[in-house]
Amino acid sequence: LSIPMDARAAAEALLEKRGAGRYSLGVLCLCGFGWMSDGAENVVLSYMLPTLEDLWSLSPGQLGAMSTAIYFGQAAGATFWGALADAGGRRPVFLLSLALTVLFGVASSAAPGFYTYCMLRLATGFAIGGNLPLAVSLASELLPPSLRDRGVVALQLFNEIGSLGSTGLAALLLPGRWRLYLCLVALPAAAVLAAAAFALPESPLWLISAGRGGEAAQVLASISAGGSGVTRLLPRSRTLASADAQSRIVAARGGGEGCGEGCGESCGEGCGEG
């Protein structure tokens with residue numbers, strides 16, 4: 001991210017003031033369920049290979065092709081979703097990757113044969129490729145600075161829970177009910193998609209880097225007021241000059257260093273005239 005240091009410092013200070021609590025727990029859980037979805041889907045291959053080998057009488061070559069398709073999709077997805085999130089924002093791209101994970105994951109449960117299944121699991125792997133890196137980006141940019149290291153480490157716990165849950169479902173449902181298994185494995189992505197659509201804000205650091213400081217100020221104001229940071233951004237905010245918006249973010253620190261009360265025209269060093 002290319003962010004002016006005064007605006008970044010101000011945004012970080014506001015997030016730090018929010019501290020540990022409902023907001024931080026909400027961000028951690030939403031990002032964590034993204035990792036849970038990744039963990040659940042990642043072990044699907046291990047259990048579906050022997051199931052489909054027997055069901056469809058697959059050859060070793062076909063089993064290898066199935067594995068290659070899924071892992072290729074994940075590798076391609078990680079590259080694609082990261083670049084798209086840098087250009088279009090963390091939140092919408094994260095939501096899109098979750099939506100496609102659910103769509104293709106459930107669709108693969110209805111696959112009539114080997115080739116259709118491979119294509120749908122490749123697409124699922126491509127979608128999953130965005131869940132993990134985007135969840136890390138959101139957690140590292142939305143959590144208070146003092147909680148980020150522990151928060152990102154805690155995400156791994158969600159991944160393990162997803163893997164264990166998927167393993168338990170496989171033990172209960174495979175081989176006979178493999179279609180139901182694939183549907184249930186998609187549930188973590190569906191759950192976080194529904195929740196994140198209403199409770200996950202855009203990264204204010206990304207907004208600042210994109211020259212959308214007015215929107216960043218609205219998100220930070222909502223978080224500072226005890227909200228989730230999800231706001232209905234006003235059209236006017238898109239026309240604000242970036243420097244002026246950054247000044248308002250610095251001012252929102254509540255009379256921080258080098259910024260007079262209200263950040264008016266007489267505002268001193270650290271929140272200049274813009």
# chains A, B, ... in the order shown; residues from 1 in each chain; ligands from 1

$ residues_around --residues "Val153 in chain A" --least-positions-apart "3" --cutoff "12 Å" --atoms "only C-alpha atoms" --output "ChimeraX atom specification"
/A:28,31-32,35,136,139-140,147-150,156-160

$ write_last_selection --atoms "N, CA, C and O atoms" --output "PDB file, in the first residue's frame"
ATOM      1  N   LEU A  28     -12.133 -10.793  13.567  1.00  0.00           N
ATOM      2  CA  LEU A  28     -11.390 -12.042  13.670  1.00  0.00           C
ATOM      3  C   LEU A  28     -12.259 -13.236  13.259  1.00  0.00           C
ATOM      4  O   LEU A  28     -11.804 -14.130  12.535  1.00  0.00           O
ATOM      5  N   CYS A  31     -12.963 -13.160   9.347  1.00  0.00           N
ATOM      6  CA  CYS A  31     -11.776 -13.594   8.611  1.00  0.00           C
ATOM      7  C   CYS A  31     -11.464 -15.059   8.921  1.00  0.00           C
ATOM      8  O   CYS A  31     -11.037 -15.815   8.042  1.00  0.00           O
ATOM      9  N   GLY A  32     -11.699 -15.456  10.165  1.00  0.00           N
ATOM     10  CA  GLY A  32     -11.442 -16.837  10.559  1.00  0.00           C
ATOM     11  C   GLY A  32     -12.326 -17.824   9.829  1.00  0.00           C
ATOM     12  O   GLY A  32     -11.872 -18.918   9.451  1.00  0.00           O
ATOM     13  N   TRP A  35     -10.891 -18.666   6.604  1.00  0.00           N
ATOM     14  CA  TRP A  35      -9.865 -19.706   6.733  1.00  0.00           C
ATOM     15  C   TRP A  35     -10.501 -21.069   7.009  1.00  0.00           C
ATOM     16  O   TRP A  35      -9.983 -22.092   6.583  1.00  0.00           O
ATOM     17  N   VAL A 136      -6.334 -12.763   5.461  1.00  0.00           N
ATOM     18  CA  VAL A 136      -5.149 -12.254   6.149  1.00  0.00           C
ATOM     19  C   VAL A 136      -5.001 -10.748   5.941  1.00  0.00           C
ATOM     20  O   VAL A 136      -4.710  -9.999   6.875  1.00  0.00           O
ATOM     21  N   ALA A 139      -7.659  -8.938   8.051  1.00  0.00           N
ATOM     22  CA  ALA A 139      -7.351  -8.990   9.478  1.00  0.00           C
ATOM     23  C   ALA A 139      -6.184  -8.067   9.817  1.00  0.00           C
ATOM     24  O   ALA A 139      -6.211  -7.347  10.821  1.00  0.00           O
ATOM     25  N   SER A 140      -5.159  -8.054   8.974  1.00  0.00           N
ATOM     26  CA  SER A 140      -3.975  -7.247   9.260  1.00  0.00           C
ATOM     27  C   SER A 140      -4.215  -5.761   9.053  1.00  0.00           C
ATOM     28  O   SER A 140      -3.444  -4.939   9.539  1.00  0.00           O
ATOM     29  N   LEU A 147      -3.065  -6.029  18.249  1.00  0.00           N
ATOM     30  CA  LEU A 147      -3.685  -7.358  18.230  1.00  0.00           C
ATOM     31  C   LEU A 147      -3.412  -8.125  16.944  1.00  0.00           C
ATOM     32  O   LEU A 147      -3.803  -9.292  16.825  1.00  0.00           O
ATOM     33  N   ARG A 148      -2.755  -7.500  15.980  1.00  0.00           N
ATOM     34  CA  ARG A 148      -2.660  -8.104  14.653  1.00  0.00           C
ATOM     35  C   ARG A 148      -1.843  -9.388  14.636  1.00  0.00           C
ATOM     36  O   ARG A 148      -2.250 -10.371  14.013  1.00  0.00           O
ATOM     37  N   ASP A 149      -0.702  -9.385  15.274  1.00  0.00           N
ATOM     38  CA  ASP A 149       0.136 -10.588  15.242  1.00  0.00           C
ATOM     39  C   ASP A 149      -0.614 -11.782  15.813  1.00  0.00           C
ATOM     40  O   ASP A 149      -0.657 -12.864  15.201  1.00  0.00           O
ATOM     41  N   ARG A 150      -1.231 -11.587  16.978  1.00  0.00           N
ATOM     42  CA  ARG A 150      -1.968 -12.679  17.598  1.00  0.00           C
ATOM     43  C   ARG A 150      -3.206 -13.048  16.793  1.00  0.00           C
ATOM     44  O   ARG A 150      -3.589 -14.225  16.713  1.00  0.00           O
ATOM     45  N   GLN A 156      -5.089 -19.531  12.032  1.00  0.00           N
ATOM     46  CA  GLN A 156      -4.724 -20.914  11.756  1.00  0.00           C
ATOM     47  C   GLN A 156      -5.617 -21.897  12.516  1.00  0.00           C
ATOM     48  O   GLN A 156      -5.900 -22.992  12.038  1.00  0.00           O
ATOM     49  N   LEU A 157      -6.083 -21.474  13.695  1.00  0.00           N
ATOM     50  CA  LEU A 157      -6.979 -22.327  14.469  1.00  0.00           C
ATOM     51  C   LEU A 157      -8.270 -22.584  13.704  1.00  0.00           C
ATOM     52  O   LEU A 157      -8.780 -23.716  13.688  1.00  0.00           O
ATOM     53  N   PHE A 158      -8.793 -21.553  13.061  1.00  0.00           N
ATOM     54  CA  PHE A 158     -10.008 -21.720  12.271  1.00  0.00           C
ATOM     55  C   PHE A 158      -9.770 -22.695  11.116  1.00  0.00           C
ATOM     56  O   PHE A 158     -10.643 -23.499  10.779  1.00  0.00           O
ATOM     57  N   ASN A 159      -8.597 -22.604  10.503  1.00  0.00           N
ATOM     58  CA  ASN A 159      -8.267 -23.503   9.405  1.00  0.00           C
ATOM     59  C   ASN A 159      -8.269 -24.953   9.862  1.00  0.00           C
ATOM     60  O   ASN A 159      -8.813 -25.838   9.178  1.00  0.00           O
ATOM     61  N   GLU A 160      -7.696 -25.192  11.046  1.00  0.00           N
ATOM     62  CA  GLU A 160      -7.663 -26.558  11.577  1.00  0.00           C
ATOM     63  C   GLU A 160      -9.061 -27.056  11.936  1.00  0.00           C
ATOM     64  O   GLU A 160      -9.386 -28.233  11.732  1.00  0.00           O
TER      65      GLU A 160
END

$ closest_residue --among "A:Trp178, A:Trp206, A:Trp56, A:Phe33" --to "Phe114 in chain A" --atoms "only C-alpha atoms"
A:Trp56

$ closest_residue --among "A:Leu63, A:Ala111, A:Leu132, A:Met36" --to "Ala78 in chain A" --atoms "only C-alpha atoms"
A:Leu132

$ closest_atom_pairs --of "range 187-219 of chain A" --to "range 161-173 of chain A" --cutoff "12 Å" --atoms "only C-alpha atoms" --output "Markdown table"
| residue | atom | partner | partner_atom | distance |
| --- | --- | --- | --- | --- |
| A:Leu187 | CA | A:Gly162 | CA | 10.4 |
| A:Pro188 | CA | A:Gly162 | CA | 8.1 |
| A:Ala189 | CA | A:Gly162 | CA | 10.6 |

$ atom_distance --atom1 "CA of Leu200 in chain A" --atom2 "CA of Leu95 in chain A"
9.6 Å

$ closest_residue --among "A:Ile223, A:Ala210, A:Met48, A:Ala107" --to "Gly19 in chain A" --atoms "only C-alpha atoms"
A:Ile223

$ residues_around --residues "Arg121 in chain A" --least-positions-apart "4" --cutoff "7 Å" --atoms "only C-alpha atoms" --output "list in words"
Ile70, Ser108, Tyr117 and Gly125 of chain A

$ closest_residue --among "A:Ala225, A:Cys118, A:Ala87, A:Leu193" --to "Val102 in chain A" --atoms "only C-alpha atoms"
A:Leu193

$ atom_distance --atom1 "CA of Tyr23 in chain A" --atom2 "CA of Leu134 in chain A"
18.5 Å

$ residues_around --residues "Ser97 in chain A" --least-positions-apart "2" --cutoff "8 Å" --atoms "only C-alpha atoms" --output "number ranges by chain"
A: 81, 93-95, 99-101, 127-128, 130-131

$ write_last_selection --atoms "N, CA, C and O atoms" --output "PDB file, in the first residue's frame"
ATOM      1  N   TRP A  81      -6.779 -13.273  -7.264  1.00  0.00           N
ATOM      2  CA  TRP A  81      -7.574 -12.561  -6.260  1.00  0.00           C
ATOM      3  C   TRP A  81      -6.748 -11.490  -5.556  1.00  0.00           C
ATOM      4  O   TRP A  81      -7.267 -10.418  -5.214  1.00  0.00           O
ATOM      5  N   VAL A  93     -13.906  -8.060  -3.130  1.00  0.00           N
ATOM      6  CA  VAL A  93     -13.231  -9.206  -3.732  1.00  0.00           C
ATOM      7  C   VAL A  93     -13.303 -10.411  -2.800  1.00  0.00           C
ATOM      8  O   VAL A  93     -13.485 -11.551  -3.245  1.00  0.00           O
ATOM      9  N   PHE A  94     -13.185 -10.180  -1.503  1.00  0.00           N
ATOM     10  CA  PHE A  94     -13.339 -11.264  -0.531  1.00  0.00           C
ATOM     11  C   PHE A  94     -14.738 -11.857  -0.614  1.00  0.00           C
ATOM     12  O   PHE A  94     -14.908 -13.085  -0.643  1.00  0.00           O
ATOM     13  N   LEU A  95     -15.755 -11.006  -0.685  1.00  0.00           N
ATOM     14  CA  LEU A  95     -17.127 -11.487  -0.792  1.00  0.00           C
ATOM     15  C   LEU A  95     -17.347 -12.262  -2.094  1.00  0.00           C
ATOM     16  O   LEU A  95     -18.038 -13.288  -2.110  1.00  0.00           O
ATOM     17  N   ALA A  99     -18.532 -16.126  -2.505  1.00  0.00           N
ATOM     18  CA  ALA A  99     -19.733 -16.474  -3.264  1.00  0.00           C
ATOM     19  C   ALA A  99     -19.432 -17.544  -4.311  1.00  0.00           C
ATOM     20  O   ALA A  99     -20.220 -18.496  -4.494  1.00  0.00           O
ATOM     21  N   LEU A 100     -18.304 -17.417  -4.986  1.00  0.00           N
ATOM     22  CA  LEU A 100     -17.945 -18.405  -6.000  1.00  0.00           C
ATOM     23  C   LEU A 100     -17.553 -19.740  -5.369  1.00  0.00           C
ATOM     24  O   LEU A 100     -17.792 -20.800  -5.958  1.00  0.00           O
ATOM     25  N   THR A 101     -16.957 -19.689  -4.174  1.00  0.00           N
ATOM     26  CA  THR A 101     -16.650 -20.932  -3.460  1.00  0.00           C
ATOM     27  C   THR A 101     -17.929 -21.716  -3.184  1.00  0.00           C
ATOM     28  O   THR A 101     -17.989 -22.936  -3.383  1.00  0.00           O
ATOM     29  N   ALA A 127     -11.649 -20.293  -6.686  1.00  0.00           N
ATOM     30  CA  ALA A 127     -12.356 -19.400  -5.766  1.00  0.00           C
ATOM     31  C   ALA A 127     -11.739 -19.457  -4.370  1.00  0.00           C
ATOM     32  O   ALA A 127     -11.538 -18.429  -3.721  1.00  0.00           O
ATOM     33  N   ILE A 128     -11.411 -20.663  -3.900  1.00  0.00           N
ATOM     34  CA  ILE A 128     -10.811 -20.827  -2.576  1.00  0.00           C
ATOM     35  C   ILE A 128      -9.477 -20.099  -2.489  1.00  0.00           C
ATOM     36  O   ILE A 128      -9.088 -19.610  -1.426  1.00  0.00           O
ATOM     37  N   GLY A 130      -8.687 -17.300  -3.128  1.00  0.00           N
ATOM     38  CA  GLY A 130      -8.776 -15.932  -2.629  1.00  0.00           C
ATOM     39  C   GLY A 130      -9.135 -15.839  -1.156  1.00  0.00           C
ATOM     40  O   GLY A 130      -8.869 -14.815  -0.513  1.00  0.00           O
ATOM     41  N   ASN A 131      -9.733 -16.888  -0.606  1.00  0.00           N
ATOM     42  CA  ASN A 131     -10.216 -16.814   0.772  1.00  0.00           C
ATOM     43  C   ASN A 131      -9.104 -16.564   1.773  1.00  0.00           C
ATOM     44  O   ASN A 131      -9.183 -15.665   2.617  1.00  0.00           O
TER      45      ASN A 131
END

$ decode --residues "range 175-191 of chain A" --atoms "all heavy atoms" --output "PDB file, in the first residue's frame"
ATOM      1  N   PRO A 175     -18.654 -43.399   1.713  1.00  0.00           N
ATOM      2  CA  PRO A 175     -18.717 -42.979   0.311  1.00  0.00           C
ATOM      3  C   PRO A 175     -20.123 -42.750  -0.237  1.00  0.00           C
ATOM      4  O   PRO A 175     -20.301 -42.127  -1.274  1.00  0.00           O
ATOM      5  CB  PRO A 175     -18.064 -44.156  -0.417  1.00  0.00           C
ATOM      6  CG  PRO A 175     -18.438 -45.353   0.414  1.00  0.00           C
ATOM      7  CD  PRO A 175     -18.436 -44.876   1.838  1.00  0.00           C
ATOM      8  N   GLY A 176     -21.116 -43.254   0.451  1.00  0.00           N
ATOM      9  CA  GLY A 176     -22.453 -43.277  -0.128  1.00  0.00           C
ATOM     10  C   GLY A 176     -23.092 -41.920  -0.352  1.00  0.00           C
ATOM     11  O   GLY A 176     -23.812 -41.718  -1.336  1.00  0.00           O
ATOM     12  N   ARG A 177     -22.851 -40.964   0.553  1.00  0.00           N
ATOM     13  CA  ARG A 177     -23.549 -39.673   0.462  1.00  0.00           C
ATOM     14  C   ARG A 177     -22.555 -38.558   0.148  1.00  0.00           C
ATOM     15  O   ARG A 177     -22.529 -37.511   0.784  1.00  0.00           O
ATOM     16  CB  ARG A 177     -24.283 -39.415   1.771  1.00  0.00           C
ATOM     17  CG  ARG A 177     -25.217 -40.566   2.157  1.00  0.00           C
ATOM     18  CD  ARG A 177     -25.865 -40.384   3.507  1.00  0.00           C
ATOM     19  NE  ARG A 177     -26.861 -39.334   3.498  1.00  0.00           N
ATOM     20  CZ  ARG A 177     -27.530 -38.906   4.578  1.00  0.00           C
ATOM     21  NH1 ARG A 177     -27.264 -39.463   5.756  1.00  0.00           N
ATOM     22  NH2 ARG A 177     -28.431 -37.955   4.489  1.00  0.00           N
ATOM     23  N   TRP A 178     -21.754 -38.766  -0.874  1.00  0.00           N
ATOM     24  CA  TRP A 178     -20.702 -37.804  -1.209  1.00  0.00           C
ATOM     25  C   TRP A 178     -21.247 -36.479  -1.723  1.00  0.00           C
ATOM     26  O   TRP A 178     -20.630 -35.427  -1.523  1.00  0.00           O
ATOM     27  CB  TRP A 178     -19.721 -38.416  -2.211  1.00  0.00           C
ATOM     28  CG  TRP A 178     -20.282 -38.719  -3.566  1.00  0.00           C
ATOM     29  CD1 TRP A 178     -20.900 -39.864  -3.962  1.00  0.00           C
ATOM     30  CD2 TRP A 178     -20.258 -37.859  -4.714  1.00  0.00           C
ATOM     31  NE1 TRP A 178     -21.278 -39.786  -5.283  1.00  0.00           N
ATOM     32  CE2 TRP A 178     -20.891 -38.569  -5.775  1.00  0.00           C
ATOM     33  CE3 TRP A 178     -19.782 -36.576  -4.964  1.00  0.00           C
ATOM     34  CZ2 TRP A 178     -21.039 -38.026  -7.045  1.00  0.00           C
ATOM     35  CZ3 TRP A 178     -19.926 -36.036  -6.237  1.00  0.00           C
ATOM     36  CH2 TRP A 178     -20.555 -36.759  -7.262  1.00  0.00           C
ATOM     37  N   ARG A 179     -22.395 -36.502  -2.339  1.00  0.00           N
ATOM     38  CA  ARG A 179     -22.966 -35.245  -2.836  1.00  0.00           C
ATOM     39  C   ARG A 179     -23.394 -34.349  -1.665  1.00  0.00           C
ATOM     40  O   ARG A 179     -23.168 -33.142  -1.676  1.00  0.00           O
ATOM     41  CB  ARG A 179     -24.151 -35.530  -3.765  1.00  0.00           C
ATOM     42  CG  ARG A 179     -23.748 -36.285  -5.027  1.00  0.00           C
ATOM     43  CD  ARG A 179     -24.926 -36.480  -5.975  1.00  0.00           C
ATOM     44  NE  ARG A 179     -24.606 -37.366  -7.083  1.00  0.00           N
ATOM     45  CZ  ARG A 179     -24.005 -36.992  -8.211  1.00  0.00           C
ATOM     46  NH1 ARG A 179     -23.646 -35.726  -8.363  1.00  0.00           N
ATOM     47  NH2 ARG A 179     -23.752 -37.868  -9.157  1.00  0.00           N
ATOM     48  N   LEU A 180     -23.988 -34.940  -0.652  1.00  0.00           N
ATOM     49  CA  LEU A 180     -24.348 -34.179   0.544  1.00  0.00           C
ATOM     50  C   LEU A 180     -23.084 -33.664   1.235  1.00  0.00           C
ATOM     51  O   LEU A 180     -23.062 -32.531   1.731  1.00  0.00           O
ATOM     52  CB  LEU A 180     -25.154 -35.063   1.493  1.00  0.00           C
ATOM     53  CG  LEU A 180     -25.523 -34.440   2.850  1.00  0.00           C
ATOM     54  CD1 LEU A 180     -26.370 -33.189   2.654  1.00  0.00           C
ATOM     55  CD2 LEU A 180     -26.253 -35.468   3.722  1.00  0.00           C
ATOM     56  N   TYR A 181     -22.047 -34.472   1.242  1.00  0.00           N
ATOM     57  CA  TYR A 181     -20.774 -34.068   1.851  1.00  0.00           C
ATOM     58  C   TYR A 181     -20.247 -32.791   1.206  1.00  0.00           C
ATOM     59  O   TYR A 181     -19.856 -31.841   1.903  1.00  0.00           O
ATOM     60  CB  TYR A 181     -19.768 -35.209   1.702  1.00  0.00           C
ATOM     61  CG  TYR A 181     -18.344 -34.838   2.038  1.00  0.00           C
ATOM     62  CD1 TYR A 181     -17.958 -34.506   3.335  1.00  0.00           C
ATOM     63  CD2 TYR A 181     -17.362 -34.823   1.048  1.00  0.00           C
ATOM     64  CE1 TYR A 181     -16.652 -34.164   3.632  1.00  0.00           C
ATOM     65  CE2 TYR A 181     -16.050 -34.489   1.334  1.00  0.00           C
ATOM     66  CZ  TYR A 181     -15.703 -34.161   2.628  1.00  0.00           C
ATOM     67  OH  TYR A 181     -14.402 -33.815   2.923  1.00  0.00           O
ATOM     68  N   LEU A 182     -20.239 -32.725  -0.111  1.00  0.00           N
ATOM     69  CA  LEU A 182     -19.729 -31.539  -0.803  1.00  0.00           C
ATOM     70  C   LEU A 182     -20.583 -30.308  -0.508  1.00  0.00           C
ATOM     71  O   LEU A 182     -20.067 -29.199  -0.399  1.00  0.00           O
ATOM     72  CB  LEU A 182     -19.665 -31.795  -2.306  1.00  0.00           C
ATOM     73  CG  LEU A 182     -18.617 -32.812  -2.776  1.00  0.00           C
ATOM     74  CD1 LEU A 182     -18.707 -33.018  -4.281  1.00  0.00           C
ATOM     75  CD2 LEU A 182     -17.215 -32.362  -2.379  1.00  0.00           C
ATOM     76  N   CYS A 183     -21.883 -30.509  -0.372  1.00  0.00           N
ATOM     77  CA  CYS A 183     -22.755 -29.375  -0.032  1.00  0.00           C
ATOM     78  C   CYS A 183     -22.460 -28.852   1.367  1.00  0.00           C
ATOM     79  O   CYS A 183     -22.371 -27.636   1.591  1.00  0.00           O
ATOM     80  CB  CYS A 183     -24.219 -29.790  -0.132  1.00  0.00           C
ATOM     81  SG  CYS A 183     -24.827 -30.037  -1.812  1.00  0.00           S
ATOM     82  N   LEU A 184     -22.293 -29.753   2.323  1.00  0.00           N
ATOM     83  CA  LEU A 184     -22.052 -29.343   3.705  1.00  0.00           C
ATOM     84  C   LEU A 184     -20.691 -28.679   3.879  1.00  0.00           C
ATOM     85  O   LEU A 184     -20.539 -27.759   4.692  1.00  0.00           O
ATOM     86  CB  LEU A 184     -22.167 -30.556   4.634  1.00  0.00           C
ATOM     87  CG  LEU A 184     -23.559 -31.175   4.761  1.00  0.00           C
ATOM     88  CD1 LEU A 184     -23.533 -32.387   5.681  1.00  0.00           C
ATOM     89  CD2 LEU A 184     -24.566 -30.145   5.275  1.00  0.00           C
ATOM     90  N   VAL A 185     -19.704 -29.115   3.100  1.00  0.00           N
ATOM     91  CA  VAL A 185     -18.372 -28.505   3.183  1.00  0.00           C
ATOM     92  C   VAL A 185     -18.414 -27.032   2.737  1.00  0.00           C
ATOM     93  O   VAL A 185     -17.585 -26.230   3.167  1.00  0.00           O
ATOM     94  CB  VAL A 185     -17.369 -29.317   2.332  1.00  0.00           C
ATOM     95  CG1 VAL A 185     -16.074 -28.555   2.121  1.00  0.00           C
ATOM     96  CG2 VAL A 185     -17.066 -30.644   3.016  1.00  0.00           C
ATOM     97  N   ALA A 186     -19.375 -26.691   1.910  1.00  0.00           N
ATOM     98  CA  ALA A 186     -19.499 -25.305   1.443  1.00  0.00           C
ATOM     99  C   ALA A 186     -20.174 -24.393   2.463  1.00  0.00           C
ATOM    100  O   ALA A 186     -20.214 -23.168   2.271  1.00  0.00           O
ATOM    101  CB  ALA A 186     -20.280 -25.266   0.128  1.00  0.00           C
ATOM    102  N   LEU A 187     -20.696 -24.955   3.557  1.00  0.00           N
ATOM    103  CA  LEU A 187     -21.436 -24.145   4.528  1.00  0.00           C
ATOM    104  C   LEU A 187     -20.604 -23.045   5.195  1.00  0.00           C
ATOM    105  O   LEU A 187     -21.111 -21.935   5.391  1.00  0.00           O
ATOM    106  CB  LEU A 187     -22.052 -25.049   5.601  1.00  0.00           C
ATOM    107  CG  LEU A 187     -23.308 -25.825   5.188  1.00  0.00           C
ATOM    108  CD1 LEU A 187     -23.819 -26.661   6.360  1.00  0.00           C
ATOM    109  CD2 LEU A 187     -24.396 -24.875   4.698  1.00  0.00           C
ATOM    110  N   PRO A 188     -19.335 -23.285   5.599  1.00  0.00           N
ATOM    111  CA  PRO A 188     -18.575 -22.186   6.216  1.00  0.00           C
ATOM    112  C   PRO A 188     -18.465 -20.965   5.304  1.00  0.00           C
ATOM    113  O   PRO A 188     -18.590 -19.824   5.762  1.00  0.00           O
ATOM    114  CB  PRO A 188     -17.205 -22.815   6.486  1.00  0.00           C
ATOM    115  CG  PRO A 188     -17.481 -24.265   6.640  1.00  0.00           C
ATOM    116  CD  PRO A 188     -18.581 -24.554   5.668  1.00  0.00           C
ATOM    117  N   ALA A 189     -18.235 -21.196   4.011  1.00  0.00           N
ATOM    118  CA  ALA A 189     -18.149 -20.068   3.077  1.00  0.00           C
ATOM    119  C   ALA A 189     -19.493 -19.354   2.969  1.00  0.00           C
ATOM    120  O   ALA A 189     -19.555 -18.119   2.904  1.00  0.00           O
ATOM    121  CB  ALA A 189     -17.698 -20.555   1.706  1.00  0.00           C
ATOM    122  N   ALA A 190     -20.589 -20.122   2.960  1.00  0.00           N
ATOM    123  CA  ALA A 190     -21.913 -19.511   2.879  1.00  0.00           C
ATOM    124  C   ALA A 190     -22.214 -18.694   4.131  1.00  0.00           C
ATOM    125  O   ALA A 190     -22.785 -17.592   4.054  1.00  0.00           O
ATOM    126  CB  ALA A 190     -22.968 -20.598   2.692  1.00  0.00           C
ATOM    127  N   ALA A 191     -21.810 -19.214   5.288  1.00  0.00           N
ATOM    128  CA  ALA A 191     -22.075 -18.507   6.547  1.00  0.00           C
ATOM    129  C   ALA A 191     -21.311 -17.188   6.616  1.00  0.00           C
ATOM    130  O   ALA A 191     -21.874 -16.148   6.982  1.00  0.00           O
ATOM    131  CB  ALA A 191     -21.700 -19.400   7.730  1.00  0.00           C
TER     132      ALA A 191
END
